[in-house]
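Participant: PDB, C-alpha atoms and all ligand atoms, file entry_2.pdb:
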ATOM      1  CA  MET A   1      48.153  65.975  81.192  1.00  0.00           C
ATOM      2  CA  LEU A   2      46.043  68.897  80.136  1.00  0.00           C
ATOM      3  CA  LYS A   3      47.417  71.162  77.526  1.00  0.00           C
ATOM      4  CA  GLN A   4      46.584  74.814  77.859  1.00  0.00           C
ATOM      5  CA  VAL A   5      44.561  75.838  74.864  1.00  0.00           C
ATOM      6  CA  MET A   6      45.416  79.217  73.496  1.00  0.00           C
ATOM      7  CA  LYS A   7      42.661  80.793  71.506  1.00  0.00           C
ATOM      8  CA  THR A   8      43.468  82.720  68.410  1.00  0.00           C
ATOM      9  CA  ASP A   9      42.101  86.182  67.718  1.00  0.00           C
ATOM     10  CA  ALA A  10      39.884  84.676  65.054  1.00  0.00           C
ATOM     11  CA  GLN A  11      38.362  82.310  67.605  1.00  0.00           C
ATOM     12  CA  HIS A  12      37.783  85.166  70.022  1.00  0.00           C
ATOM     13  CA  GLU A  13      36.119  87.208  67.344  1.00  0.00           C
ATOM     14  CA  ARG A  14      33.971  84.251  66.333  1.00  0.00           C
ATOM     15  CA  GLU A  15      32.784  83.857  69.918  1.00  0.00           C
ATOM     16  CA  ARG A  16      32.045  87.560  70.235  1.00  0.00           C
ATOM     17  CA  CYS A  17      30.081  87.422  67.002  1.00  0.00           C
ATOM     18  CA  ALA A  18      28.166  84.346  68.099  1.00  0.00           C
ATOM     19  CA  ALA A  19      27.283  86.010  71.412  1.00  0.00           C
ATOM     20  CA  ALA A  20      26.145  89.188  69.662  1.00  0.00           C
ATOM     21  CA  ARG A  21      24.122  87.192  67.190  1.00  0.00           C
ATOM     22  CA  HIS A  22      22.389  85.009  69.780  1.00  0.00           C
ATOM     23  CA  SER A  23      21.624  87.936  72.047  1.00  0.00           C
ATOM     24  CA  ALA A  24      18.091  89.350  72.190  1.00  0.00           C
ATOM     25  CA  GLU A  25      19.511  92.868  72.428  1.00  0.00           C
ATOM     26  CA  CYS A  26      21.084  94.787  69.595  1.00  0.00           C
ATOM     27  CA  ARG A  27      24.343  96.685  70.085  1.00  0.00           C
ATOM     28  CA  CYS A  28      22.271  99.899  70.039  1.00  0.00           C
ATOM     29  CA  GLY A  29      20.206  98.677  72.991  1.00  0.00           C
ATOM     30  CA  HIS A  30      17.017  97.891  71.106  1.00  0.00           C
ATOM     31  CA  PRO A  31      15.499  94.413  71.278  1.00  0.00           C
ATOM     32  CA  LYS A  32      16.193  92.186  68.287  1.00  0.00           C
ATOM     33  CA  MET A  33      15.502  88.679  67.076  1.00  0.00           C
ATOM     34  CA  PRO A  34      18.069  86.222  68.441  1.00  0.00           C
ATOM     35  CA  GLY A  35      19.920  84.917  65.393  1.00  0.00           C
ATOM     36  CA  ALA A  36      19.830  88.257  63.616  1.00  0.00           C
ATOM     37  CA  ALA A  37      22.935  90.421  63.666  1.00  0.00           C
ATOM     38  CA  PHE A  38      21.108  93.661  64.449  1.00  0.00           C
ATOM     39  CA  CYS A  39      17.697  95.089  65.236  1.00  0.00           C
ATOM     40  CA  MET A  40      15.481  96.208  62.378  1.00  0.00           C
ATOM     41  CA  SER A  41      16.485  99.870  62.460  1.00  0.00           C
ATOM     42  CA  CYS A  42      20.227  99.091  62.482  1.00  0.00           C
ATOM     43  CA  THR A  43      19.719  96.523  59.729  1.00  0.00           C
ATOM     44  CA  LEU A  44      17.857  99.046  57.587  1.00  0.00           C
ATOM     45  CA  ALA A  45      20.611 101.629  58.120  1.00  0.00           C
ATOM     46  CA  LEU A  46      23.156  99.324  56.470  1.00  0.00           C
ATOM     47  CA  PRO A  47      23.996  99.411  52.795  1.00  0.00           C
ATOM     48  CA  GLU A  48      22.712  96.393  50.891  1.00  0.00           C
ATOM     49  CA  ALA A  49      26.124  94.724  50.541  1.00  0.00           C
ATOM     50  CA  LEU A  50      26.860  94.869  54.272  1.00  0.00           C
ATOM     51  CA  ARG A  51      23.372  93.720  55.155  1.00  0.00           C
ATOM     52  CA  ARG A  52      23.783  90.665  52.942  1.00  0.00           C
ATOM     53  CA  GLY A  53      27.090  89.924  54.646  1.00  0.00           C
ATOM     54  CA  THR A  54      25.453  89.797  58.055  1.00  0.00           C
ATOM     55  CA  TYR A  55      23.192  86.988  56.838  1.00  0.00           C
ATOM     56  CA  ARG A  56      26.220  84.782  56.284  1.00  0.00           C
ATOM     57  CA  LYS A  57      27.182  82.013  58.665  1.00  0.00           C
ATOM     58  CA  ILE A  58      29.611  82.533  61.517  1.00  0.00           C
ATOM     59  CA  GLY A  59      32.936  81.273  60.203  1.00  0.00           C
ATOM     60  CA  ASP A  60      31.800  81.954  56.643  1.00  0.00           C
ATOM     61  CA  GLY A  61      32.130  85.688  56.290  1.00  0.00           C
ATOM     62  CA  PHE A  62      29.831  86.837  59.076  1.00  0.00           C
ATOM     63  CA  GLU A  63      32.616  88.106  61.324  1.00  0.00           C
ATOM     64  CA  SER A  64      34.131  90.541  58.851  1.00  0.00           C
ATOM     65  CA  ALA A  65      30.702  91.712  57.689  1.00  0.00           C
ATOM     66  CA  PHE A  66      29.646  92.202  61.301  1.00  0.00           C
ATOM     67  CA  ARG A  67      32.798  94.163  62.083  1.00  0.00           C
ATOM     68  CA  GLU A  68      32.305  96.379  59.046  1.00  0.00           C
ATOM     69  CA  ALA A  69      28.632  96.844  59.813  1.00  0.00           C
ATOM     70  CA  CYS A  70      29.425  97.908  63.398  1.00  0.00           C
ATOM     71  CA  TYR A  71      31.981 100.367  62.066  1.00  0.00           C
ATOM     72  CA  HIS A  72      29.469 101.720  59.581  1.00  0.00           C
ATOM     73  CA  LEU A  73      26.794 102.114  62.271  1.00  0.00           C
ATOM     74  CA  ARG A  74      29.262 103.965  64.503  1.00  0.00           C
ATOM     75  CA  GLU A  75      29.993 106.308  61.621  1.00  0.00           C
ATOM     76  CA  LEU A  76      26.272 106.943  61.343  1.00  0.00           C
ATOM     77  CA  GLY A  77      26.178 107.755  65.038  1.00  0.00           C
ATOM     78  CA  VAL A  78      24.336 104.598  66.138  1.00  0.00           C
ATOM     79  CA  GLU A  79      26.210 103.862  69.326  1.00  0.00           C
ATOM     80  CA  GLY A  80      26.695 100.411  70.672  1.00  0.00           C
TER
HETATM   81 ZN    ZN B 101      20.137  98.220  66.670  1.00  0.00          ZN
END
Would you give me this structure, written as structure tokens?
Facilitator:
Amino acid sequence: MLKQVMKTDAQHERERCAAARHSAECRCGHPKMPGAAFCMSCTLALPEALRRGTYRKIGDGFESAFREACYHLRELGVEG
């Protein structure tokens, strides 16, 4: 009998992050390298510490860095 698998919020966030990372389009709408968190202009707009965080692996700090980076970019007015 199949058990219904409930996903945790962390798993959902990990999937969202993976999708964003593998996409060829940045959250701002510009093209980006699949595998990179953001396009070059978004990446350059981030403070060094956040930028380093987005180079981490998914499941190893990327999610929180990505979330913070998105928040930071929104504050800068880079919509996504
Ligand atoms: Zn961008």
Participant: List all protein, DNA and RNA residues that have any atom at most 9 Å from ligand ZN 101 (chain B), counting all atoms listed in the file, and write the list as a ChimeraX atom specification.
Facilitator: /A:25-32,37-43,73,78-80
Participant: Applying 10 Å and all atoms listed in the file, which residues near range 9-11 of chain A remain after dropping the ones on its own chain fewer than 4 positions away? List them as an NGL selection string.
Facilitator: :A and (15-17 or 59 or 63)
Participant: Residues at most 12 Å from Glu48 in chain A, counting all atoms listed in the file, excluding those fewer than 5 positions away in the same chain, as a tab-separated table (two decimals) with C-alpha atoms, keeping the file's coordinate frame?
Facilitator:
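Written out: result.tsv:
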chain	number	residue	atom	x	y	z
A	43	THR	CA	19.72	96.52	59.73
A	53	GLY	CA	27.09	89.92	54.65
A	54	THR	CA	25.45	89.80	58.06
A	55	TYR	CA	23.19	86.99	56.84
A	65	ALA	CA	30.70	91.71	57.69
A	69	ALA	CA	28.63	96.84	59.81
Participant: CA of Ala24 in chain A to CA of His72 in chain A: how many Å, to one decimal?
Facilitator: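 According to the coordinates, CA of Ala24 in chain A and CA of His72 in chain A are separated by 21.0 Å.
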Participant: In Å, rounded to a single decimal, give me how far CA of Ala20 in chain A is from CA of Asp60 in chain A.
Facilitator: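 Going from CA of Asp60 in chain A over to CA of Ala20 in chain A, I get 15.9 Å.
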Participant: Box time for range 57-70 of chain A: axis-aligned, enclosing all its listed atoms, 6 Å extra on each side; report centre and edge lengths in Å to one decimal, as JSON.
Facilitator:
{"center_x": 30.7, "center_y": 89.6, "center_z": 59.8, "size_x": 18.9, "size_y": 28.6, "size_z": 19.1}
Participant: Just how far from CA of Gly35 in chain A is CA of Pro47 in chain A, in Å to one decimal?
Facilitator: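 Distance between the two atoms: 19.6 Å.
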